[in-house]
file run-v6.cif (mmCIF, C-alpha atoms)
data_work
loop_
_atom_site.label_atom_id
_atom_site.label_comp_id
_atom_site.auth_asym_id
_atom_site.auth_seq_id
_atom_site.Cartn_x
_atom_site.Cartn_y
_atom_site.Cartn_z
CA MET A 1 220.73 85.50 -129.99
CA ALA A 2 219.08 85.76 -133.35
CA VAL A 3 216.76 88.63 -134.10
CA ASP A 4 213.26 87.77 -135.22
CA GLU A 5 213.17 88.09 -139.02
CA LYS A 6 209.92 90.12 -139.10
CA LEU A 7 211.12 92.43 -136.35
CA LYS A 8 214.33 92.95 -138.29
CA ILE A 9 212.42 93.98 -141.42
CA GLU A 10 210.18 96.23 -139.37
CA LEU A 11 213.17 97.90 -137.73
CA GLY A 12 214.79 98.25 -141.15
CA LYS A 13 211.77 100.21 -142.36
CA GLN A 14 212.25 102.57 -139.42
CA GLY A 15 215.88 103.07 -140.30
CA VAL A 16 217.35 100.78 -137.65
CA PHE A 17 219.75 98.18 -138.94
CA VAL A 18 220.09 95.09 -136.79
CA THR A 19 222.61 92.34 -137.36
CA THR A 20 224.41 89.57 -135.57
CA LEU A 21 228.09 88.78 -135.39
CA GLU A 22 227.40 85.59 -137.28
CA GLU A 23 225.69 87.45 -140.09
CA LEU A 24 228.52 89.95 -140.34
CA TYR A 25 231.10 87.17 -140.35
CA ASN A 26 229.25 85.23 -143.03
CA TRP A 27 228.75 88.40 -145.05
CA GLY A 28 232.49 88.96 -144.99
CA ARG A 29 233.22 85.37 -145.87
CA ARG A 30 230.81 85.12 -148.76
CA SER A 31 231.81 88.47 -150.23
CA SER A 32 235.53 87.80 -150.38
CA ILE A 33 235.92 84.35 -151.87
CA TRP A 34 239.22 84.30 -153.69
CA PRO A 35 239.37 81.54 -156.26
CA MET A 36 242.53 79.72 -157.11
CA ASN A 37 244.07 80.41 -160.49
CA PHE A 38 243.74 76.88 -161.62
CA GLY A 39 242.31 75.61 -164.87
CA LEU A 40 242.25 71.98 -165.90
CA ALA A 41 240.59 71.80 -169.30
CA CYS A 42 238.09 73.49 -171.58
CA CYS A 43 235.83 74.52 -168.66
CA ALA A 44 238.65 76.84 -167.63
CA ILE A 45 237.94 78.93 -170.73
CA GLU A 46 234.40 79.50 -169.48
CA MET A 47 235.82 80.23 -166.03
CA ILE A 48 238.08 82.88 -167.57
CA ALA A 49 235.12 84.31 -169.48
CA THR A 50 233.22 84.53 -166.20
CA THR A 51 235.90 86.75 -164.72
CA MET A 52 235.94 89.09 -167.70
CA ALA A 53 233.91 92.23 -168.22
CA ARG A 54 230.83 90.65 -169.78
CA TYR A 55 229.98 88.33 -166.88
CA ASP A 56 232.07 90.13 -164.27
CA LEU A 57 232.71 87.84 -161.35
CA ALA A 58 233.93 90.90 -159.45
CA ARG A 59 230.30 91.66 -158.61
CA PHE A 60 230.50 88.80 -156.13
CA GLY A 61 233.85 89.82 -154.69
CA ALA A 62 235.53 86.83 -156.27
CA GLU A 63 237.62 88.36 -159.01
CA VAL A 64 240.94 88.02 -157.21
CA PHE A 65 242.33 84.82 -158.70
CA ARG A 66 245.36 83.80 -156.68
CA PRO A 67 248.12 81.74 -158.23
CA SER A 68 249.06 80.26 -154.85
CA PRO A 69 246.85 77.93 -152.80
CA ARG A 70 248.02 79.74 -149.65
CA GLN A 71 246.00 82.80 -150.58
CA ALA A 72 242.97 81.15 -152.15
CA ASP A 73 239.64 80.22 -150.57
CA MET A 74 238.01 78.42 -153.40
CA MET A 75 239.02 75.86 -155.92
CA ILE A 76 237.08 75.67 -159.17
CA ILE A 77 237.67 72.20 -160.57
CA SER A 78 237.29 73.44 -164.12
CA GLY A 79 237.57 70.45 -166.36
CA THR A 80 238.61 66.86 -166.72
CA VAL A 81 240.57 65.48 -163.80
CA THR A 82 242.82 62.77 -165.12
CA LYS A 83 244.18 60.16 -162.79
CA LYS A 84 247.59 61.67 -163.29
CA MET A 85 246.37 65.11 -162.24
CA ALA A 86 244.14 64.03 -159.34
CA PRO A 87 246.97 63.77 -156.75
CA GLN A 88 248.06 67.31 -157.60
CA VAL A 89 244.50 68.60 -157.29
CA VAL A 90 244.08 66.97 -153.88
CA ARG A 91 247.48 68.22 -152.71
CA LEU A 92 246.64 71.77 -153.79
CA TYR A 93 243.31 71.51 -151.98
CA ASN A 94 245.18 70.42 -148.87
CA GLN A 95 247.49 73.41 -149.16
CA MET A 96 244.67 75.92 -149.29
CA ALA A 97 243.91 77.93 -146.16
CA GLU A 98 240.71 77.36 -144.22
CA PRO A 99 237.86 78.05 -144.81
CA ARG A 100 238.01 76.58 -148.28
CA TYR A 101 235.36 75.71 -150.80
CA VAL A 102 235.22 73.64 -153.95
CA ILE A 103 233.07 74.08 -157.03
CA ALA A 104 233.13 71.09 -159.37
CA MET A 105 232.53 72.65 -162.75
CA GLY A 106 231.29 70.65 -165.68
CA ALA A 107 230.43 67.05 -166.42
CA CYS A 108 234.04 65.84 -166.20
CA ALA A 109 234.71 67.28 -162.77
CA ILE A 110 231.51 65.92 -161.28
CA SER A 111 231.45 62.48 -162.88
CA GLY A 112 234.11 61.99 -165.55
CA GLY A 113 231.69 63.24 -168.18
CA PRO A 114 232.17 61.93 -171.70
CA PHE A 115 235.40 60.26 -170.58
CA LYS A 116 233.75 58.32 -167.77
CA GLN A 117 234.44 54.98 -169.43
CA GLY A 118 238.06 55.92 -170.08
CA TYR A 119 240.86 54.24 -168.19
CA ASN A 120 242.65 57.41 -167.18
CA VAL A 121 239.95 59.84 -166.08
CA LEU A 122 238.81 60.24 -162.51
CA LYS A 123 235.08 59.70 -162.23
CA GLY A 124 234.36 62.79 -160.20
CA ILE A 125 236.67 64.81 -157.97
CA ASP A 126 234.21 64.38 -155.08
CA ARG A 127 235.82 60.99 -154.53
CA TYR A 128 238.74 62.71 -152.83
CA ILE A 129 237.72 66.16 -151.65
CA PRO A 130 234.44 67.56 -150.32
CA VAL A 131 232.69 69.48 -153.09
CA ASP A 132 230.33 72.30 -152.16
CA VAL A 133 228.62 72.94 -155.47
CA HIS A 134 228.36 70.74 -158.55
CA ILE A 135 227.54 72.35 -161.90
CA PRO A 136 226.54 70.15 -164.83
CA GLY A 137 227.28 71.20 -168.40
CA CYS A 138 229.87 70.50 -171.05
CA PRO A 139 231.15 73.10 -170.50
CA PRO A 140 228.74 75.06 -168.30
CA ARG A 141 228.06 78.57 -169.52
CA PRO A 142 229.47 81.45 -167.46
CA GLU A 143 225.95 82.06 -166.18
CA ALA A 144 226.00 78.56 -164.70
CA LEU A 145 229.26 79.31 -162.90
CA LEU A 146 227.73 82.52 -161.56
CA GLU A 147 224.75 80.47 -160.40
CA ALA A 148 227.17 78.15 -158.62
CA PHE A 149 228.78 81.16 -156.97
CA ILE A 150 225.43 82.40 -155.77
CA ALA A 151 224.60 78.93 -154.50
CA LEU A 152 227.90 78.83 -152.61
CA GLN A 153 227.24 82.27 -151.15
CA LYS A 154 223.81 81.13 -150.00
CA LYS A 155 225.39 78.07 -148.46
CA ILE A 156 227.92 80.21 -146.58
CA ASP A 157 225.17 82.57 -145.48
CA GLY A 158 223.20 79.70 -144.01
CA GLN A 159 226.06 78.34 -141.93
CA SER A 160 226.00 78.91 -138.20
CA LEU A 161 229.30 79.40 -136.41
CA THR A 162 228.46 77.28 -133.38
CA GLY A 163 226.49 74.16 -132.73
CA GLU A 164 226.30 70.79 -134.37
CA ASN A 165 226.04 71.89 -138.00
CA ARG A 166 228.87 74.40 -137.89
CA PRO A 167 231.13 74.36 -140.94
CA ARG A 168 234.03 71.94 -141.09
CA PHE A 169 236.74 74.53 -140.60
CA LEU A 170 235.33 75.61 -137.24
CA ASP A 171 235.08 72.05 -135.99
CA GLU A 172 238.21 71.11 -134.06
CA ASN A 173 237.73 67.41 -134.73
CA ALA A 174 236.82 67.63 -138.39
CA PRO A 175 239.55 66.52 -140.76
CA GLY A 176 241.80 69.19 -142.23
CA GLU A 177 243.92 66.86 -144.28
CA PHE A 178 242.60 64.76 -147.12
CA PRO A 179 244.85 61.89 -148.14
CA VAL A 180 246.56 62.39 -151.48
CA PRO A 181 246.02 59.36 -153.74
CA GLU A 182 248.93 57.73 -155.46
CA MET A 183 249.10 55.96 -158.75
CA GLY A 184 249.06 52.22 -158.13
CA GLU A 185 249.49 49.40 -160.57
CA HIS A 186 246.09 49.79 -162.21
CA ASP A 187 244.31 52.68 -160.53
CA LEU A 188 244.72 55.42 -157.99
CA GLU A 189 245.30 54.14 -154.46
CA PRO A 190 242.94 54.47 -152.67
CA PRO A 191 240.26 54.67 -155.40
CA ALA A 192 238.23 57.00 -153.18
CA ASN A 193 238.38 58.71 -149.80
CA LYS A 194 235.91 56.75 -147.67
CA ASN A 195 235.24 59.70 -145.37
CA VAL A 196 234.23 61.95 -148.24
CA TRP A 197 232.58 59.68 -150.74
CA THR A 198 230.65 56.47 -150.56
CA VAL A 199 229.53 54.32 -153.45
CA PRO A 200 226.09 55.61 -154.36
CA VAL A 201 223.35 53.04 -154.19
CA VAL A 202 221.32 52.90 -157.38
CA ILE A 203 217.69 52.11 -156.71
CA ARG A 204 215.98 50.66 -159.74
CA MET B 1 261.65 118.86 -124.84
CA THR B 2 258.88 120.07 -127.09
CA SER B 3 261.06 123.03 -128.00
CA SER B 4 263.67 120.72 -129.50
CA PRO B 5 263.84 120.99 -133.30
CA TYR B 6 263.83 117.21 -133.48
CA PHE B 7 260.61 116.79 -131.50
CA SER B 8 258.35 116.74 -134.57
CA LEU B 9 260.68 114.22 -136.19
CA ALA B 10 260.42 111.96 -133.13
CA VAL B 11 256.62 112.17 -133.24
CA LEU B 12 256.62 111.30 -136.94
CA PHE B 13 259.01 108.41 -136.28
CA VAL B 14 256.73 106.94 -133.64
CA ALA B 15 253.72 107.41 -135.93
CA ALA B 16 255.58 105.69 -138.77
CA LEU B 17 256.48 102.78 -136.52
CA GLY B 18 252.87 102.47 -135.38
CA PHE B 19 251.66 102.62 -138.96
CA GLY B 20 253.78 99.61 -139.79
CA LEU B 21 253.44 97.61 -136.60
CA THR B 22 249.72 98.04 -135.90
CA PRO B 23 248.52 96.01 -138.92
CA LEU B 24 251.09 93.34 -138.10
CA GLY B 25 249.86 93.22 -134.52
CA LEU B 26 246.24 93.07 -135.65
CA ALA B 27 247.05 90.28 -138.07
CA TRP B 28 248.82 88.37 -135.31
CA LEU B 29 245.85 88.85 -132.96
CA TRP B 30 243.45 87.78 -135.70
CA ARG B 31 245.47 84.63 -136.26
CA ARG B 32 245.63 83.84 -132.56
CA MET B 33 241.99 84.53 -131.77
CA LEU B 34 239.90 83.89 -134.85
CA ALA B 35 241.68 82.10 -137.66
CA PRO B 36 240.61 78.49 -138.03
CA ALA B 37 244.06 76.92 -137.98
CA LYS B 38 244.15 73.43 -139.40
CA PRO B 39 247.78 72.76 -140.20
CA ASN B 40 248.97 69.49 -141.64
CA ALA B 41 252.09 68.13 -143.22
CA ILE B 42 250.88 68.72 -146.78
CA LYS B 43 249.79 72.26 -146.05
CA ASN B 44 253.12 73.11 -144.46
CA ALA B 45 255.07 71.69 -147.37
CA ILE B 46 257.21 74.12 -149.34
CA TYR B 47 256.33 73.78 -152.98
CA GLU B 48 253.07 75.25 -154.19
CA CYS B 49 252.25 73.90 -157.64
CA GLY B 50 250.74 70.63 -156.53
CA LEU B 51 253.84 68.51 -156.92
CA GLU B 52 256.04 67.35 -154.11
CA SER B 53 259.35 69.13 -153.94
CA GLN B 54 262.31 67.07 -155.04
CA GLY B 55 265.91 67.51 -154.04
CA ASP B 56 267.46 70.54 -152.43
CA ALA B 57 266.89 74.15 -153.39
CA TRP B 58 270.46 75.01 -152.33
CA VAL B 59 272.12 74.01 -155.55
CA GLN B 60 275.11 75.65 -157.23
CA PHE B 61 274.78 77.38 -160.57
CA ARG B 62 277.68 77.39 -162.98
CA PRO B 63 279.25 80.87 -163.13
CA ALA B 64 279.51 80.50 -166.90
CA TYR B 65 275.92 81.64 -167.09
CA TYR B 66 276.66 84.94 -165.35
CA LEU B 67 279.70 85.56 -167.57
CA TYR B 68 277.54 84.99 -170.61
CA GLY B 69 274.97 87.38 -169.18
CA ILE B 70 277.55 90.10 -168.70
CA ILE B 71 279.04 89.61 -172.17
CA PHE B 72 275.58 89.79 -173.63
CA LEU B 73 275.25 93.12 -171.86
CA ILE B 74 278.27 94.41 -173.82
CA PHE B 75 276.50 93.88 -177.13
CA ASP B 76 273.15 94.94 -175.72
CA VAL B 77 274.31 98.29 -174.37
CA GLU B 78 276.47 98.85 -177.44
CA ALA B 79 273.49 98.38 -179.75
CA VAL B 80 271.25 100.62 -177.63
CA PHE B 81 273.68 103.52 -177.73
CA LEU B 82 275.10 102.96 -181.21
CA LEU B 83 271.74 103.02 -182.95
CA PRO B 84 270.76 106.61 -182.05
CA PHE B 85 274.38 107.61 -182.67
CA ALA B 86 274.28 106.10 -186.14
CA VAL B 87 270.93 107.74 -186.91
CA ALA B 88 272.25 111.21 -185.97
CA PHE B 89 275.74 110.55 -187.35
CA THR B 90 275.77 113.12 -190.14
CA GLY B 91 274.84 115.97 -187.79
CA LEU B 92 277.48 115.17 -185.17
CA GLY B 93 280.91 116.68 -184.76
CA LEU B 94 284.34 115.23 -184.13
CA GLU B 95 283.91 115.29 -180.31
CA ALA B 96 280.84 113.07 -180.44
CA CYS B 97 282.68 110.67 -182.70
CA ALA B 98 285.66 110.54 -180.34
CA ALA B 99 283.36 110.00 -177.31
CA MET B 100 281.62 107.16 -179.07
CA LEU B 101 284.94 105.65 -180.08
CA VAL B 102 286.07 105.68 -176.43
CA PHE B 103 282.78 104.08 -175.41
CA VAL B 104 283.04 101.33 -178.01
CA LEU B 105 286.71 100.71 -177.28
CA LEU B 106 285.97 100.35 -173.56
CA LEU B 107 283.39 97.69 -174.30
CA VAL B 108 285.60 96.00 -176.87
CA GLU B 109 288.35 95.87 -174.28
CA GLY B 110 286.04 93.89 -171.99
CA LEU B 111 285.16 91.57 -174.84
CA ALA B 112 288.81 91.08 -175.74
CA TRP B 113 289.60 90.28 -172.12
CA ALA B 114 286.79 87.72 -171.97
CA TRP B 115 287.92 86.22 -175.25
CA ALA B 116 291.51 85.94 -174.05
CA LYS B 117 290.32 84.28 -170.84
CA GLY B 118 288.48 81.66 -172.88
CA VAL B 119 285.05 82.58 -171.55
CA LEU B 120 283.43 82.49 -174.97
CA ALA B 121 284.18 78.78 -175.38
CA TRP B 122 281.12 76.95 -174.14
CA GLU B 123 281.89 73.58 -172.61
#
call {"tool": "encode", "arguments": {"input": "run-v6.cif", "output": "structure tokens"}}
result
Amino acid sequence: MAVDEKLKIELGKQGVFVTTLEELYNWGRRSSIWPMNFGLACCAIEMIATTMARYDLARFGAEVFRPSPRQADMMIISGTVTKKMAPQVVRLYNQMAEPRYVIAMGACAISGGPFKQGYNVLKGIDRYIPVDVHIPGCPPRPEALLEAFIALQKKIDGQSLTGENRPRFLDENAPGEFPVPEMGEHDLEPPANKNVWTVPVVIR
Amino acid sequence: MTSSPYFSLAVLFVAALGFGLTPLGLAWLWRRMLAPAKPNAIKNAIYECGLESQGDAWVQFRPAYYLYGIIFLIFDVEAVFLLPFAVAFTGLGLEACAAMLVFVLLLVEGLAWAWAKGVLAWE
């Protein structure tokens, strides 16, 4: 039973704090996102800068970079995903505990970037795993990564724990395993995960 | 019972047990009731750096490595103790010199033994 937003503000002015279990749960979730210690290319340098004193990712409760996927909640795809690296990225994503989030950082991670025409670069990691936030930039500045964090926190805050639009990890039937691609003769097999990504239709 | 001198110890023991077991119990409850468990074969795999594990982890290491490690220790410890001894050499008496000689000879004995056994020959 959600509390009326205006009533909540009014009660807050009187010194009465009202919350719901869902809000508390989401507050805990969004304030303790532990990223995985995982850098792919030059974007990782900006990611490291974001965690340092000047930009201070700790303000968002996300400074605890874990070197193991078992303890991490969030994967920052920080850089170019080559076709050789993509299976490892997907496998690591599969090994992360639920709930898990993905930020695709930089032009390479979201689309292949300057290497899009290359034969060995994946044209966006969202072909294999569900990405929560995309950040453009080459590389994005630390402020952009912070913006992505805030966007992710807002997304988590807006999720309801029950009902149709509940997040994937609370849905019994939603997939928990994303197939790891393998290198075929010419390209990764399959070239994309059909359940996650569809070929975008360009309307001219 | 409360008059027993060990009563306070028993209370502390129970408290210590509770201190350790309560978080474990809470974690277990949390996992059973709330954690969104979505296990799969990849997640339950052993290796954690993105690659599939290959072969068996139960492999044998050659003992030559350990022998080398121990022999290295001879020189290592020798250097650590000989350096301050050498620095303070002029101010030391005959006893210190004799003690150091015993120390060095003990280590040299180990080295001589290893040498005689043919450990130093790397195959």
call {"tool": "resolve_selection", "arguments": {"input": "run-v6.cif", "expression": "the PyMOL selection byres ((chain A and resi 39-45) around 9)", "output": "PDB file with C-alpha atoms, keeping the file's coordinate frame"}}
result
ATOM      1  CA  MET A  36     242.530  79.720-157.110  1.00  0.00           C
ATOM      2  CA  ASN A  37     244.070  80.410-160.490  1.00  0.00           C
ATOM      3  CA  PHE A  38     243.740  76.880-161.620  1.00  0.00           C
ATOM      4  CA  GLU A  46     234.400  79.500-169.480  1.00  0.00           C
ATOM      5  CA  MET A  47     235.820  80.230-166.030  1.00  0.00           C
ATOM      6  CA  ILE A  48     238.080  82.880-167.570  1.00  0.00           C
ATOM      7  CA  ALA A  49     235.120  84.310-169.480  1.00  0.00           C
ATOM      8  CA  THR A  50     233.220  84.530-166.200  1.00  0.00           C
ATOM      9  CA  ILE A  76     237.080  75.670-159.170  1.00  0.00           C
ATOM     10  CA  ILE A  77     237.670  72.200-160.570  1.00  0.00           C
ATOM     11  CA  SER A  78     237.290  73.440-164.120  1.00  0.00           C
ATOM     12  CA  GLY A  79     237.570  70.450-166.360  1.00  0.00           C
ATOM     13  CA  THR A  80     238.610  66.860-166.720  1.00  0.00           C
ATOM     14  CA  VAL A  81     240.570  65.480-163.800  1.00  0.00           C
ATOM     15  CA  MET A  85     246.370  65.110-162.240  1.00  0.00           C
ATOM     16  CA  MET A 105     232.530  72.650-162.750  1.00  0.00           C
ATOM     17  CA  GLY A 106     231.290  70.650-165.680  1.00  0.00           C
ATOM     18  CA  CYS A 138     229.870  70.500-171.050  1.00  0.00           C
ATOM     19  CA  PRO A 139     231.150  73.100-170.500  1.00  0.00           C
ATOM     20  CA  PRO A 140     228.740  75.060-168.300  1.00  0.00           C
ATOM     21  CA  ARG A 141     228.060  78.570-169.520  1.00  0.00           C
TER      22      ARG A 141
END
call {"tool": "interface_residues", "arguments": {"input": "run-v6.cif", "of": "chain A", "to": "chain B", "cutoff": "6 Å", "atoms": "all atoms listed in the file", "output": "ChimeraX atom specification"}}
result
/A:88,91-92,94-95,176
call {"tool": "atom_distance", "arguments": {"input": "run-v6.cif", "atom1": "CA of Met1 (chain B)", "atom2": "CA of Ala16 (chain B)"}}
result
20.1 Å
call {"tool": "residues_around", "arguments": {"input": "run-v6.cif", "residues": "region 119-123 of chain B", "least_positions_apart": "4", "cutoff": "8 Å", "atoms": "all atoms listed in the file", "output": "MDAnalysis selection string"}}
result
chainID B and resid 64 67:68 114:115
call {"tool": "residues_near_point", "arguments": {"input": "run-v6.cif", "point": "(233.9, 62.3, -167.5)", "cutoff": "8 Å", "atoms": "only C-alpha atoms", "output": "ChimeraX atom specification"}}
result
/A:80,107-117,121-124
call {"tool": "decode", "arguments": {"input": "run-v6.cif", "residues": "region 57-120 of chain B", "atoms": "C-alpha atoms", "output": "PDB file, in the first residue's frame"}}
result
ATOM      1  CA  ALA B  57      43.320 -28.913  -9.726  1.00  0.00           C
ATOM      2  CA  TRP B  58      44.697 -31.976  -7.902  1.00  0.00           C
ATOM      3  CA  VAL B  59      48.046 -32.030  -9.607  1.00  0.00           C
ATOM      4  CA  GLN B  60      51.403 -32.994  -8.108  1.00  0.00           C
ATOM      5  CA  PHE B  61      54.170 -30.463  -7.727  1.00  0.00           C
ATOM      6  CA  ARG B  62      57.771 -31.557  -7.990  1.00  0.00           C
ATOM      7  CA  PRO B  63      59.417 -31.522  -4.543  1.00  0.00           C
ATOM      8  CA  ALA B  64      62.510 -29.972  -6.122  1.00  0.00           C
ATOM      9  CA  TYR B  65      60.786 -26.632  -5.813  1.00  0.00           C
ATOM     10  CA  TYR B  66      60.412 -26.937  -2.048  1.00  0.00           C
ATOM     11  CA  LEU B  67      64.050 -28.024  -1.658  1.00  0.00           C
ATOM     12  CA  TYR B  68      65.111 -24.995  -3.636  1.00  0.00           C
ATOM     13  CA  GLY B  69      62.910 -22.831  -1.433  1.00  0.00           C
ATOM     14  CA  ILE B  70      64.503 -24.175   1.723  1.00  0.00           C
ATOM     15  CA  ILE B  71      68.042 -23.799   0.367  1.00  0.00           C
ATOM     16  CA  PHE B  72      67.236 -20.254  -0.621  1.00  0.00           C
ATOM     17  CA  LEU B  73      66.231 -19.722   2.988  1.00  0.00           C
ATOM     18  CA  ILE B  74      69.762 -20.684   4.079  1.00  0.00           C
ATOM     19  CA  PHE B  75      71.283 -17.820   2.121  1.00  0.00           C
ATOM     20  CA  ASP B  76      68.410 -15.495   2.947  1.00  0.00           C
ATOM     21  CA  VAL B  77      68.597 -15.921   6.714  1.00  0.00           C
ATOM     22  CA  GLU B  78      72.387 -15.905   6.581  1.00  0.00           C
ATOM     23  CA  ALA B  79      72.420 -12.555   4.800  1.00  0.00           C
ATOM     24  CA  VAL B  80      69.834 -11.050   7.159  1.00  0.00           C
ATOM     25  CA  PHE B  81      71.839 -11.916  10.256  1.00  0.00           C
ATOM     26  CA  LEU B  82      75.332 -11.506   8.811  1.00  0.00           C
ATOM     27  CA  LEU B  83      74.779  -7.950   7.639  1.00  0.00           C
ATOM     28  CA  PRO B  84      74.138  -6.368  11.071  1.00  0.00           C
ATOM     29  CA  PHE B  85      76.904  -8.587  12.458  1.00  0.00           C
ATOM     30  CA  ALA B  86      79.340  -7.297   9.863  1.00  0.00           C
ATOM     31  CA  VAL B  87      78.301  -3.684  10.475  1.00  0.00           C
ATOM     32  CA  ALA B  88      78.929  -3.995  14.243  1.00  0.00           C
ATOM     33  CA  PHE B  89      81.931  -6.301  13.822  1.00  0.00           C
ATOM     34  CA  THR B  90      84.624  -4.041  15.237  1.00  0.00           C
ATOM     35  CA  GLY B  91      82.718  -3.480  18.485  1.00  0.00           C
ATOM     36  CA  LEU B  92      82.023  -7.162  19.154  1.00  0.00           C
ATOM     37  CA  GLY B  93      83.947  -9.564  21.326  1.00  0.00           C
ATOM     38  CA  LEU B  94      85.171 -13.105  20.855  1.00  0.00           C
ATOM     39  CA  GLU B  95      81.895 -14.648  22.140  1.00  0.00           C
ATOM     40  CA  ALA B  96      79.828 -12.924  19.468  1.00  0.00           C
ATOM     41  CA  CYS B  97      82.268 -14.091  16.841  1.00  0.00           C
ATOM     42  CA  ALA B  98      82.084 -17.673  18.090  1.00  0.00           C
ATOM     43  CA  ALA B  99      78.251 -17.555  18.198  1.00  0.00           C
ATOM     44  CA  MET B 100      78.140 -16.283  14.645  1.00  0.00           C
ATOM     45  CA  LEU B 101      80.596 -18.941  13.539  1.00  0.00           C
ATOM     46  CA  VAL B 102      78.351 -21.646  15.030  1.00  0.00           C
ATOM     47  CA  PHE B 103      75.355 -20.104  13.283  1.00  0.00           C
ATOM     48  CA  VAL B 104      77.087 -19.970   9.918  1.00  0.00           C
ATOM     49  CA  LEU B 105      78.518 -23.467  10.287  1.00  0.00           C
ATOM     50  CA  LEU B 106      75.061 -24.859  11.094  1.00  0.00           C
ATOM     51  CA  LEU B 107      73.691 -23.366   7.902  1.00  0.00           C
ATOM     52  CA  VAL B 108      76.712 -24.428   5.878  1.00  0.00           C
ATOM     53  CA  GLU B 109      76.219 -27.950   7.173  1.00  0.00           C
ATOM     54  CA  GLY B 110      72.708 -27.941   5.690  1.00  0.00           C
ATOM     55  CA  LEU B 111      74.056 -26.641   2.420  1.00  0.00           C
ATOM     56  CA  ALA B 112      76.800 -29.258   2.344  1.00  0.00           C
ATOM     57  CA  TRP B 113      74.233 -31.966   2.998  1.00  0.00           C
ATOM     58  CA  ALA B 114      72.034 -30.698   0.165  1.00  0.00           C
ATOM     59  CA  TRP B 115      75.035 -30.487  -2.125  1.00  0.00           C
ATOM     60  CA  ALA B 116      76.104 -34.036  -1.296  1.00  0.00           C
ATOM     61  CA  LYS B 117      72.565 -35.263  -1.950  1.00  0.00           C
ATOM     62  CA  GLY B 118      72.657 -33.703  -5.405  1.00  0.00           C
ATOM     63  CA  VAL B 119      69.777 -31.326  -4.756  1.00  0.00           C
ATOM     64  CA  LEU B 120      71.552 -28.363  -6.316  1.00  0.00           C
TER      65      LEU B 120
END
